[in-house]
$ cat start-v2.cif   # mmCIF, C-alpha atoms and all ligand atoms
data_start
loop_
_atom_site.group_PDB
_atom_site.id
_atom_site.type_symbol
_atom_site.label_atom_id
_atom_site.label_comp_id
_atom_site.auth_asym_id
_atom_site.auth_seq_id
_atom_site.Cartn_x
_atom_site.Cartn_y
_atom_site.Cartn_z
ATOM 1 C CA MET Y 1 32.422 -23.545 18.986
ATOM 2 C CA ALA Y 2 33.838 -25.170 22.110
ATOM 3 C CA SER Y 3 31.566 -25.457 25.158
ATOM 4 C CA ARG Y 4 32.187 -22.669 27.683
ATOM 5 C CA SER Y 5 31.880 -22.239 31.396
ATOM 6 C CA VAL Y 6 29.393 -19.722 32.862
ATOM 7 C CA VAL Y 7 29.438 -16.475 30.856
ATOM 8 C CA PRO Y 8 30.215 -13.447 33.107
ATOM 9 C CA SER Y 9 27.259 -11.030 33.306
ATOM 10 C CA ARG Y 10 29.186 -8.236 31.502
ATOM 11 C CA ASP Y 11 29.879 -10.585 28.577
ATOM 12 C CA LEU Y 12 26.270 -11.721 28.609
ATOM 13 C CA GLY Y 13 25.213 -8.079 28.247
ATOM 14 C CA LEU Y 14 27.454 -7.746 25.166
ATOM 15 C CA GLU Y 15 26.112 -10.983 23.681
ATOM 16 C CA TRP Y 16 22.515 -9.782 24.161
ATOM 17 C CA GLY Y 17 23.548 -6.460 22.610
ATOM 18 C CA LEU Y 18 24.773 -8.363 19.570
ATOM 19 C CA LEU Y 19 21.404 -10.151 19.211
ATOM 20 C CA PHE Y 20 19.540 -6.818 19.373
ATOM 21 C CA ALA Y 21 21.924 -5.088 16.970
ATOM 22 C CA ARG Y 22 21.630 -7.900 14.453
ATOM 23 C CA TYR Y 23 17.870 -8.161 14.643
ATOM 24 C CA LEU Y 24 16.900 -4.499 14.941
ATOM 25 C CA LEU Y 25 19.675 -2.737 13.046
ATOM 26 C CA ASP Y 26 21.147 -5.351 10.746
ATOM 27 C CA SER Y 27 24.480 -4.445 12.348
ATOM 28 C CA GLU Y 28 27.132 -6.281 14.327
ATOM 29 C CA GLU Y 29 28.763 -3.260 16.000
ATOM 30 C CA LEU Y 30 28.665 -3.022 19.790
ATOM 31 C CA HIS Y 31 30.273 0.296 20.613
ATOM 32 C CA TYR Y 32 28.835 3.766 21.174
ATOM 33 C CA GLY Y 33 27.981 5.978 18.245
ATOM 34 C CA TYR Y 34 29.711 9.303 17.517
ATOM 35 C CA PHE Y 35 26.767 11.622 16.858
ATOM 36 C CA THR Y 36 27.287 14.857 14.978
ATOM 37 C CA PRO Y 37 24.591 17.537 14.464
ATOM 38 C CA ASP Y 38 23.724 16.127 11.032
ATOM 39 C CA ILE Y 39 22.733 12.747 12.507
ATOM 40 C CA PRO Y 40 19.408 12.867 14.413
ATOM 41 C CA VAL Y 41 19.501 10.835 17.616
ATOM 42 C CA LYS Y 42 17.316 7.858 16.747
ATOM 43 C CA LEU Y 43 17.929 4.138 16.816
ATOM 44 C CA ALA Y 44 17.920 3.746 13.038
ATOM 45 C CA ASN Y 45 20.881 6.160 12.857
ATOM 46 C CA LEU Y 46 23.039 4.315 15.368
ATOM 47 C CA PRO Y 47 24.949 2.308 12.713
ATOM 48 C CA GLN Y 48 25.862 5.566 10.923
ATOM 49 C CA ALA Y 49 27.060 7.113 14.192
ATOM 50 C CA GLN Y 50 29.007 3.935 14.989
ATOM 51 C CA LYS Y 51 30.696 4.147 11.596
ATOM 52 C CA GLN Y 52 31.750 7.714 12.475
ATOM 53 C CA HIS Y 53 33.184 6.371 15.754
ATOM 54 C CA THR Y 54 35.323 3.888 13.790
ATOM 55 C CA ASP Y 55 36.288 6.594 11.250
ATOM 56 C CA LEU Y 56 37.466 8.802 14.130
ATOM 57 C CA ILE Y 57 39.696 6.039 15.514
ATOM 58 C CA LEU Y 58 41.168 5.344 12.085
ATOM 59 C CA SER Y 59 41.837 9.035 11.508
ATOM 60 C CA HIS Y 60 43.998 9.070 14.666
ATOM 61 C CA LEU Y 61 45.854 5.834 13.997
ATOM 62 C CA PRO Y 62 49.236 6.872 12.561
ATOM 63 C CA GLN Y 63 49.638 5.940 8.887
ATOM 64 C CA SER Y 64 53.000 4.431 9.844
ATOM 65 C CA ALA Y 65 51.267 1.757 11.985
ATOM 66 C CA GLN Y 66 51.648 -1.465 10.033
ATOM 67 C CA THR Y 67 51.354 -4.090 12.742
ATOM 68 C CA VAL Y 68 48.389 -3.477 15.022
ATOM 69 C CA LEU Y 69 46.989 -5.323 18.027
ATOM 70 C CA ASP Y 70 43.229 -4.798 18.468
ATOM 71 C CA VAL Y 71 42.525 -5.580 22.118
ATOM 72 C CA GLY Y 72 38.931 -6.620 22.860
ATOM 73 C CA CYS Y 73 38.011 -6.638 19.187
ATOM 74 C CA GLY Y 74 34.312 -7.413 19.808
ATOM 75 C CA THR Y 75 32.795 -8.574 16.541
ATOM 76 C CA GLY Y 76 35.811 -7.425 14.513
ATOM 77 C CA GLY Y 77 34.447 -4.293 12.773
ATOM 78 C CA LEU Y 78 37.443 -2.079 13.575
ATOM 79 C CA ALA Y 79 39.910 -4.898 12.891
ATOM 80 C CA LEU Y 80 38.333 -5.367 9.472
ATOM 81 C CA ARG Y 81 38.673 -1.673 8.630
ATOM 82 C CA MET Y 82 42.329 -1.667 9.769
ATOM 83 C CA ALA Y 83 43.033 -4.784 7.662
ATOM 84 C CA GLN Y 84 41.346 -3.113 4.659
ATOM 85 C CA ARG Y 85 43.668 -0.152 5.209
ATOM 86 C CA GLY Y 86 46.611 -2.520 4.815
ATOM 87 C CA CYS Y 87 47.565 -3.155 8.443
ATOM 88 C CA GLN Y 88 48.592 -6.578 9.695
ATOM 89 C CA VAL Y 89 46.060 -7.057 12.465
ATOM 90 C CA ASP Y 90 46.049 -9.364 15.467
ATOM 91 C CA CYS Y 91 43.009 -9.489 17.760
ATOM 92 C CA VAL Y 92 42.938 -10.608 21.357
ATOM 93 C CA ALA Y 93 39.826 -11.089 23.496
ATOM 94 C CA PRO Y 94 38.368 -13.703 25.841
ATOM 95 C CA ASP Y 95 36.613 -16.576 24.146
ATOM 96 C CA SER Y 96 32.986 -15.626 23.404
ATOM 97 C CA THR Y 97 30.209 -15.593 20.831
ATOM 98 C CA LEU Y 98 31.475 -12.144 19.831
ATOM 99 C CA LEU Y 99 34.845 -13.584 18.970
ATOM 100 C CA ASP Y 100 33.215 -16.333 16.885
ATOM 101 C CA CYS Y 101 31.495 -13.536 14.992
ATOM 102 C CA ALA Y 102 34.822 -11.681 14.563
ATOM 103 C CA GLN Y 103 36.481 -14.859 13.295
ATOM 104 C CA ALA Y 104 33.723 -15.379 10.704
ATOM 105 C CA ARG Y 105 33.903 -11.709 9.596
ATOM 106 C CA LEU Y 106 37.683 -11.509 9.409
ATOM 107 C CA GLY Y 107 38.594 -14.931 8.000
ATOM 108 C CA ASP Y 108 42.335 -14.902 7.305
ATOM 109 C CA ARG Y 109 42.539 -11.076 7.327
ATOM 110 C CA ALA Y 110 43.532 -11.096 11.000
ATOM 111 C CA ARG Y 111 44.900 -13.511 13.570
ATOM 112 C CA ILE Y 112 42.687 -14.112 16.573
ATOM 113 C CA PHE Y 113 43.940 -14.948 20.064
ATOM 114 C CA ARG Y 114 41.282 -16.221 22.457
ATOM 115 C CA GLU Y 115 42.506 -14.991 25.815
ATOM 116 C CA ARG Y 116 42.423 -12.063 28.196
ATOM 117 C CA PHE Y 117 44.835 -9.287 27.302
ATOM 118 C CA GLU Y 118 46.438 -9.396 30.740
ATOM 119 C CA HIS Y 119 47.562 -13.002 29.993
ATOM 120 C CA PHE Y 120 48.497 -12.417 26.345
ATOM 121 C CA GLN Y 121 52.143 -13.138 25.526
ATOM 122 C CA GLY Y 122 52.112 -12.642 21.747
ATOM 123 C CA ASP Y 123 54.739 -13.707 19.241
ATOM 124 C CA ARG Y 124 55.593 -10.286 17.774
ATOM 125 C CA LYS Y 125 55.793 -6.614 18.669
ATOM 126 C CA TYR Y 126 53.399 -3.979 17.344
ATOM 127 C CA ASP Y 127 53.497 -0.472 15.894
ATOM 128 C CA ALA Y 128 50.188 0.210 17.634
ATOM 129 C CA VAL Y 129 48.062 -1.312 20.372
ATOM 130 C CA VAL Y 130 44.427 -0.237 20.052
ATOM 131 C CA PHE Y 131 41.583 -0.449 22.571
ATOM 132 C CA SER Y 132 38.101 0.523 21.415
ATOM 133 C CA GLU Y 133 35.745 0.429 24.397
ATOM 134 C CA SER Y 134 37.729 -2.443 25.848
ATOM 135 C CA PHE Y 135 40.281 -0.699 28.057
ATOM 136 C CA GLN Y 136 37.803 -0.547 30.943
ATOM 137 C CA TYR Y 137 37.746 -4.364 31.112
ATOM 138 C CA VAL Y 138 41.470 -4.766 31.828
ATOM 139 C CA PRO Y 139 43.190 -3.842 35.143
ATOM 140 C CA VAL Y 140 45.202 -0.657 34.448
ATOM 141 C CA ASP Y 141 48.566 -1.772 35.849
ATOM 142 C CA LEU Y 142 48.532 -5.153 34.077
ATOM 143 C CA ALA Y 143 47.386 -3.531 30.851
ATOM 144 C CA LEU Y 144 50.134 -0.883 30.869
ATOM 145 C CA ALA Y 145 52.861 -3.419 31.647
ATOM 146 C CA ASN Y 146 51.741 -5.667 28.808
ATOM 147 C CA ILE Y 147 51.348 -2.794 26.339
ATOM 148 C CA ASP Y 148 54.872 -1.649 27.163
ATOM 149 C CA ARG Y 149 56.184 -5.155 26.501
ATOM 150 C CA LEU Y 150 54.266 -5.546 23.225
ATOM 151 C CA LEU Y 151 55.039 -2.186 21.592
ATOM 152 C CA LYS Y 152 57.957 -1.667 19.232
ATOM 153 C CA PRO Y 153 60.219 1.302 20.031
ATOM 154 C CA GLY Y 154 58.337 4.336 18.696
ATOM 155 C CA GLY Y 155 55.046 2.428 18.773
ATOM 156 C CA CYS Y 156 51.844 4.003 20.072
ATOM 157 C CA LEU Y 157 48.848 3.202 22.237
ATOM 158 C CA LEU Y 158 45.392 4.336 21.136
ATOM 159 C CA ILE Y 159 42.503 4.178 23.616
ATOM 160 C CA CYS Y 160 38.941 5.162 22.729
ATOM 161 C CA ASP Y 161 36.808 4.468 25.783
ATOM 162 C CA PHE Y 162 34.948 6.089 28.632
ATOM 163 C CA PHE Y 163 36.331 6.683 32.103
ATOM 164 C CA LYS Y 164 34.840 7.654 35.459
ATOM 165 C CA ARG Y 165 35.053 11.334 36.285
ATOM 166 C CA GLN Y 166 37.202 11.643 39.377
ATOM 167 C CA GLY Y 167 35.373 12.149 42.673
ATOM 168 C CA LYS Y 168 31.907 11.316 41.336
ATOM 169 C CA GLN Y 169 29.998 8.677 43.290
ATOM 170 C CA GLY Y 170 26.663 6.955 42.695
ATOM 171 C CA SER Y 171 26.690 6.563 38.922
ATOM 172 C CA PRO Y 172 23.738 4.564 37.589
ATOM 173 C CA ILE Y 173 26.001 3.541 34.680
ATOM 174 C CA GLY Y 174 28.810 1.103 35.414
ATOM 175 C CA GLY Y 175 32.228 0.768 33.824
ATOM 176 C CA GLY Y 176 35.358 2.791 33.237
ATOM 177 C CA HIS Y 177 38.558 3.357 35.165
ATOM 178 C CA LYS Y 178 38.985 6.624 37.078
ATOM 179 C CA ILE Y 179 40.408 9.091 34.579
ATOM 180 C CA HIS Y 180 42.992 10.840 36.745
ATOM 181 C CA THR Y 181 44.127 7.626 38.376
ATOM 182 C CA PHE Y 182 44.594 6.137 34.913
ATOM 183 C CA LEU Y 183 46.454 9.164 33.513
ATOM 184 C CA GLU Y 184 48.780 9.152 36.513
ATOM 185 C CA ALA Y 185 49.427 5.398 36.145
ATOM 186 C CA ALA Y 186 50.095 5.890 32.426
ATOM 187 C CA LYS Y 187 52.576 8.671 33.192
ATOM 188 C CA GLN Y 188 54.323 6.532 35.801
ATOM 189 C CA ALA Y 189 54.553 3.719 33.235
ATOM 190 C CA GLY Y 190 56.201 6.104 30.750
ATOM 191 C CA PHE Y 191 53.201 6.974 28.559
ATOM 192 C CA GLU Y 192 52.052 10.499 27.885
ATOM 193 C CA ALA Y 193 49.093 11.527 25.736
ATOM 194 C CA SER Y 194 49.996 13.422 22.568
ATOM 195 C CA THR Y 195 46.275 13.523 21.687
ATOM 196 C CA ASP Y 196 43.503 13.661 24.264
ATOM 197 C CA LEU Y 197 40.121 14.317 22.726
ATOM 198 C CA ASP Y 198 37.009 14.584 24.896
ATOM 199 C CA ILE Y 199 34.153 13.082 22.870
ATOM 200 C CA THR Y 200 31.615 12.770 25.710
ATOM 201 C CA ALA Y 201 29.152 15.137 24.015
ATOM 202 C CA GLN Y 202 29.228 13.172 20.765
ATOM 203 C CA THR Y 203 28.942 9.721 22.352
ATOM 204 C CA ALA Y 204 26.407 10.492 25.133
ATOM 205 C CA PRO Y 205 23.408 10.454 22.724
ATOM 206 C CA THR Y 206 23.926 6.687 22.529
ATOM 207 C CA MET Y 207 22.656 6.628 26.129
ATOM 208 C CA THR Y 208 19.519 8.526 25.043
ATOM 209 C CA LEU Y 209 18.765 5.539 22.810
ATOM 210 C CA VAL Y 210 19.465 3.111 25.645
ATOM 211 C CA ALA Y 211 17.179 5.126 27.957
ATOM 212 C CA GLU Y 212 14.373 5.096 25.368
ATOM 213 C CA PHE Y 213 14.740 1.358 24.920
ATOM 214 C CA LEU Y 214 14.656 0.688 28.665
ATOM 215 C CA ASP Y 215 11.670 3.001 29.133
ATOM 216 C CA LYS Y 216 9.590 1.754 26.206
ATOM 217 C CA VAL Y 217 10.576 -1.937 26.099
ATOM 218 C CA GLY Y 218 12.742 -3.045 29.031
ATOM 219 C CA ALA Y 219 10.684 -1.691 31.948
ATOM 220 C CA PRO Y 220 7.215 -2.701 30.625
ATOM 221 C CA PHE Y 221 8.564 -6.159 29.697
ATOM 222 C CA TRP Y 222 10.043 -6.580 33.186
ATOM 223 C CA ARG Y 223 6.907 -5.349 35.001
ATOM 224 C CA MET Y 224 4.584 -7.509 32.867
ATOM 225 C CA GLY Y 225 6.741 -10.531 33.714
ATOM 226 C CA VAL Y 226 6.653 -9.746 37.447
ATOM 227 C CA ASP Y 227 2.860 -9.194 37.348
ATOM 228 C CA TYR Y 228 2.364 -12.460 35.481
ATOM 229 C CA CYS Y 229 4.438 -14.431 38.016
ATOM 230 C CA THR Y 230 2.648 -12.739 40.948
ATOM 231 C CA VAL Y 231 -0.724 -13.969 39.648
ATOM 232 C CA ALA Y 232 0.379 -17.367 38.296
ATOM 233 C CA TRP Y 233 2.657 -18.428 41.173
ATOM 234 C CA PRO Y 234 1.828 -16.106 44.109
ATOM 235 C CA LYS Y 235 3.595 -18.041 46.864
ATOM 236 C CA SER Y 236 6.843 -18.773 45.021
ATOM 237 C CA THR Y 237 6.960 -15.219 43.595
ATOM 238 C CA ARG Y 238 6.562 -13.762 47.101
ATOM 239 C CA LEU Y 239 9.370 -16.028 48.279
ATOM 240 C CA VAL Y 240 11.679 -15.084 45.377
ATOM 241 C CA LYS Y 241 10.922 -11.372 45.883
ATOM 242 C CA TRP Y 242 11.727 -11.657 49.581
ATOM 243 C CA TRP Y 243 14.883 -13.777 49.033
ATOM 244 C CA PHE Y 244 16.280 -11.500 46.316
ATOM 245 C CA LYS Y 245 14.892 -8.246 47.732
ATOM 246 C CA GLN Y 246 18.175 -6.336 47.616
ATOM 247 C CA ARG Y 247 19.250 -7.636 44.226
ATOM 248 C CA LEU Y 248 15.876 -6.889 42.664
ATOM 249 C CA ALA Y 249 15.865 -3.377 44.124
ATOM 250 C CA LYS Y 250 19.363 -2.811 42.702
ATOM 251 C CA LEU Y 251 18.308 -4.102 39.286
ATOM 252 C CA ASP Y 252 15.212 -1.923 39.309
ATOM 253 C CA GLU Y 253 17.207 1.158 40.284
ATOM 254 C CA LYS Y 254 19.962 0.452 37.751
ATOM 255 C CA TYR Y 255 17.865 -0.310 34.688
ATOM 256 C CA PHE Y 256 14.322 0.886 35.225
ATOM 257 C CA SER Y 257 14.547 4.080 37.282
ATOM 258 C CA GLY Y 258 15.184 6.201 34.183
ATOM 259 C CA ARG Y 259 18.613 7.297 35.479
ATOM 260 C CA ARG Y 260 20.644 5.611 32.729
ATOM 261 C CA ASN Y 261 20.611 8.406 30.176
ATOM 262 C CA ALA Y 262 22.774 10.931 28.333
ATOM 263 C CA ALA Y 263 22.655 13.427 31.220
ATOM 264 C CA THR Y 264 23.924 10.966 33.843
ATOM 265 C CA PHE Y 265 26.483 9.603 31.382
ATOM 266 C CA THR Y 266 27.839 13.133 30.910
ATOM 267 C CA GLU Y 267 27.768 13.810 34.646
ATOM 268 C CA PHE Y 268 29.648 10.666 35.701
ATOM 269 C CA LYS Y 269 31.728 9.638 32.675
ATOM 270 C CA THR Y 270 34.228 11.201 30.342
ATOM 271 C CA TYR Y 271 34.612 9.545 26.948
ATOM 272 C CA ARG Y 272 38.097 10.046 25.521
ATOM 273 C CA LEU Y 273 40.109 9.263 22.447
ATOM 274 C CA MET Y 274 43.735 9.252 23.538
ATOM 275 C CA LEU Y 275 46.917 8.547 21.647
ATOM 276 C CA PHE Y 276 49.964 7.801 23.767
ATOM 277 C CA GLU Y 277 53.583 7.507 22.977
ATOM 278 C CA ARG Y 278 56.185 6.288 25.413
ATOM 279 C CA THR Y 279 57.866 9.237 27.067
ATOM 280 C CA ALA Y 280 61.314 7.881 26.210
ATOM 281 C CA ASP Y 281 60.274 7.677 22.526
ATOM 282 C CA ARG Y 282 59.110 11.264 22.170
ATOM 283 C CA LYS Y 283 60.268 14.860 22.357
ATOM 284 C CA PRO Y 284 58.926 16.927 25.313
ATOM 285 C CA ALA Y 285 57.507 19.624 22.986
ATOM 286 C CA GLU Y 286 54.953 17.125 21.654
ATOM 287 C CA ALA Y 287 53.104 16.785 24.964
ATOM 288 C CA GLY Y 288 49.381 17.476 24.465
ATOM 289 C CA THR Y 289 46.430 18.811 26.480
ATOM 290 C CA THR Y 290 42.793 17.713 26.543
ATOM 291 C CA LYS Y 291 40.751 19.069 23.656
ATOM 292 C CA THR Y 292 37.018 18.974 23.230
ATOM 293 C CA ALA Y 293 36.050 17.436 19.901
ATOM 294 C CA GLU Y 294 34.622 19.859 17.358
ATOM 295 C CA PRO Y 295 31.386 18.555 15.936
ATOM 296 C CA ALA Y 296 32.497 16.982 12.625
ATOM 297 C CA THR Y 297 30.881 18.364 9.506
ATOM 298 C CA ALA Y 298 28.926 16.016 7.247
HETATM 299 C C1 LIG Y 301 32.181 -3.210 24.315
HETATM 300 S S1 LIG Y 301 33.077 -4.478 23.517
HETATM 301 C C2 LIG Y 301 33.984 -3.492 22.363
HETATM 302 C C3 LIG Y 301 34.206 -4.239 21.114
HETATM 303 C C4 LIG Y 301 34.959 -3.513 20.002
HETATM 304 N N1 LIG Y 301 36.307 -3.154 20.373
HETATM 305 C C5 LIG Y 301 34.192 -2.342 19.515
HETATM 306 O O1 LIG Y 301 34.653 -1.209 19.681
HETATM 307 O O2 LIG Y 301 33.113 -2.549 18.958
HETATM 308 C C6 LIG Y 301 34.305 -4.958 24.714
HETATM 309 C C7 LIG Y 301 35.277 -6.020 24.223
HETATM 310 O O3 LIG Y 301 36.302 -6.204 25.197
HETATM 311 C C8 LIG Y 301 36.534 -7.595 25.344
HETATM 312 N N2 LIG Y 301 37.182 -7.870 26.633
HETATM 313 C C9 LIG Y 301 36.607 -7.980 27.858
HETATM 314 N N3 LIG Y 301 37.546 -8.280 28.787
HETATM 315 C C10 LIG Y 301 38.730 -8.341 28.132
HETATM 316 C C11 LIG Y 301 40.075 -8.638 28.536
HETATM 317 N N4 LIG Y 301 40.371 -8.882 29.810
HETATM 318 N N5 LIG Y 301 41.047 -8.661 27.586
HETATM 319 C C12 LIG Y 301 40.747 -8.403 26.291
HETATM 320 N N6 LIG Y 301 39.504 -8.107 25.858
HETATM 321 C C13 LIG Y 301 38.499 -8.088 26.764
HETATM 322 C C14 LIG Y 301 35.146 -8.211 25.174
HETATM 323 O O4 LIG Y 301 35.217 -9.589 24.898
HETATM 324 C C15 LIG Y 301 34.660 -7.394 23.982
HETATM 325 O O5 LIG Y 301 35.161 -7.927 22.808
#
$ encode --input "start-v2.cif" --output "structure tokens"
Amino acid sequence: MASRSVVPSRDLGLEWGLLFARYLLDSEELHYGYFTPDIPVKLANLPQAQKQHTDLILSHLPQSAQTVLDVGCGTGGLALRMAQRGCQVDCVAPDSTLLDCAQARLGDRARIFRERFEHFQGDRKYDAVVFSESFQYVPVDLALANIDRLLKPGGCLLICDFFKRQGKQGSPIGGGHKIHTFLEAAKQAGFEASTDLDITAQTAPTMTLVAEFLDKVGAPFWRMGVDYCTVAWPKSTRLVKWWFKQRLAKLDEKYFSGRRNAATFTEFKTYRLMLFERTADRKPAEAGTTKTAEPATA
């Protein structure tokens, strides 16, 4: 692995997530779970719910999609499933430990490009461009222009990710483009959703697990550390607390106030699975409306 410059904090969060998933769950998946009534919301069931999330994406990927670009492939779980289905898969994501993991998992079953999607030129065109929880990391206008360039005529764009609900301020959970702004930009760029499935209710329980973890492990660990430093190094701790007052207050509010949970996720975010075709490629009668996902049966 080549040496890297400073890892951005968002990437660091994903890399920590990978350590936890590996150690606690014997899993390498980093995305939300898709919880159905038959899967009780507990940490041990997250891998099963994550598998359902991947199954849902695959069930919406047209069978005709042979060449697929997996943007922000994480540790390569979805890419592997698409390759097993017979697709020729390329993955593109910034260089990271996650991508090393994807490379090891995929071997020669997919090509891996270590760069940001907005800079990706590619050497072929695709039947489908897929984003699983990675669309929020790429600026909308650059993403849409590059997708348009990379898709074959008749190709499709599949996005499974959460967005900000329009007009909602003060979310304790970061991430996501504004949904209406994105849909408008997509329309302007010639993409219209033929499928738009709202899966917020099925994915939000993942945040219940995050909230439990922060409450039972994160917050006590953090407070014990602060208490220890206050006793062991009183003067320097006072100085650090004063110097970083605003940052520490923000961190405390964001992670340890108990506001990062399923209820706030549902209030501020909308998690969607959307399949787009280019307007020029499709008949007007195919235009779709937002549907709420039915809870899948076991
Ligand atoms: C939450 S992970 C999702 C991983 C995987 N798709 C999944 O569903 O498990 C986000 C992924 O987006 C990637 N990513 C972040 N910024 C990106 C960019 N500008 N272009 C492409 N991928 C990016 C990260 O490296 C990571 O692989």
$ residues_near_ligand --input "start-v2.cif" --ligand "ligand LIG 301 (chain Y)" --cutoff "7 Å" --atoms "only C-alpha atoms and all ligand atoms" --output "list in words"
Asp11, Leu14, Glu29, Leu30, His31, Val71, Gly72, Cys73, Gly74, Thr75, Gly76, Gly77, Leu78, Val92, Ala93, Pro94, Ser96, Leu98, Leu99, Glu115, Arg116, Phe117, Glu118, Phe131, Ser132, Glu133, Ser134, Tyr137 and Val138 of chain Y
$ residues_around --input "start-v2.cif" --residues "Ile199 in chain Y" --least-positions-apart "3" --cutoff "7 Å" --atoms "all atoms listed in the file" --output "number ranges by chain"
Y: 202-203, 271-272, 292-293
$ resolve_selection --input "start-v2.cif" --expression "the PyMOL selection byres (((chain Y and resi 81-84) around 12) and not hetatm)" --output "PyMOL selection string"
chain Y and resi 51+54-63+65-70+73+76-80+85-91+105-111+128+130
$ write_last_selection --input "start-v2.cif" --atoms "C-alpha atoms" --output "PDB file, keeping the file's coordinate frame"
ATOM      1  CA  LYS Y  51      30.696   4.147  11.596  1.00  0.00           C
ATOM      2  CA  THR Y  54      35.323   3.888  13.790  1.00  0.00           C
ATOM      3  CA  ASP Y  55      36.288   6.594  11.250  1.00  0.00           C
ATOM      4  CA  LEU Y  56      37.466   8.802  14.130  1.00  0.00           C
ATOM      5  CA  ILE Y  57      39.696   6.039  15.514  1.00  0.00           C
ATOM      6  CA  LEU Y  58      41.168   5.344  12.085  1.00  0.00           C
ATOM      7  CA  SER Y  59      41.837   9.035  11.508  1.00  0.00           C
ATOM      8  CA  HIS Y  60      43.998   9.070  14.666  1.00  0.00           C
ATOM      9  CA  LEU Y  61      45.854   5.834  13.997  1.00  0.00           C
ATOM     10  CA  PRO Y  62      49.236   6.872  12.561  1.00  0.00           C
ATOM     11  CA  GLN Y  63      49.638   5.940   8.887  1.00  0.00           C
ATOM     12  CA  ALA Y  65      51.267   1.757  11.985  1.00  0.00           C
ATOM     13  CA  GLN Y  66      51.648  -1.465  10.033  1.00  0.00           C
ATOM     14  CA  THR Y  67      51.354  -4.090  12.742  1.00  0.00           C
ATOM     15  CA  VAL Y  68      48.389  -3.477  15.022  1.00  0.00           C
ATOM     16  CA  LEU Y  69      46.989  -5.323  18.027  1.00  0.00           C
ATOM     17  CA  ASP Y  70      43.229  -4.798  18.468  1.00  0.00           C
ATOM     18  CA  CYS Y  73      38.011  -6.638  19.187  1.00  0.00           C
ATOM     19  CA  GLY Y  76      35.811  -7.425  14.513  1.00  0.00           C
ATOM     20  CA  GLY Y  77      34.447  -4.293  12.773  1.00  0.00           C
ATOM     21  CA  LEU Y  78      37.443  -2.079  13.575  1.00  0.00           C
ATOM     22  CA  ALA Y  79      39.910  -4.898  12.891  1.00  0.00           C
ATOM     23  CA  LEU Y  80      38.333  -5.367   9.472  1.00  0.00           C
ATOM     24  CA  ARG Y  85      43.668  -0.152   5.209  1.00  0.00           C
ATOM     25  CA  GLY Y  86      46.611  -2.520   4.815  1.00  0.00           C
ATOM     26  CA  CYS Y  87      47.565  -3.155   8.443  1.00  0.00           C
ATOM     27  CA  GLN Y  88      48.592  -6.578   9.695  1.00  0.00           C
ATOM     28  CA  VAL Y  89      46.060  -7.057  12.465  1.00  0.00           C
ATOM     29  CA  ASP Y  90      46.049  -9.364  15.467  1.00  0.00           C
ATOM     30  CA  CYS Y  91      43.009  -9.489  17.760  1.00  0.00           C
ATOM     31  CA  ARG Y 105      33.903 -11.709   9.596  1.00  0.00           C
ATOM     32  CA  LEU Y 106      37.683 -11.509   9.409  1.00  0.00           C
ATOM     33  CA  GLY Y 107      38.594 -14.931   8.000  1.00  0.00           C
ATOM     34  CA  ASP Y 108      42.335 -14.902   7.305  1.00  0.00           C
ATOM     35  CA  ARG Y 109      42.539 -11.076   7.327  1.00  0.00           C
ATOM     36  CA  ALA Y 110      43.532 -11.096  11.000  1.00  0.00           C
ATOM     37  CA  ARG Y 111      44.900 -13.511  13.570  1.00  0.00           C
ATOM     38  CA  ALA Y 128      50.188   0.210  17.634  1.00  0.00           C
ATOM     39  CA  VAL Y 130      44.427  -0.237  20.052  1.00  0.00           C
TER      40      VAL Y 130
END
$ atom_distance --input "start-v2.cif" --atom1 "CA of Lys241 in chain Y" --atom2 "CA of Val226 in chain Y"
9.6 Å
$ residues_around --input "start-v2.cif" --residues "Arg259 in chain Y" --least-positions-apart "5" --cutoff "8 Å" --atoms "all atoms listed in the file" --output "count of residues only"
5
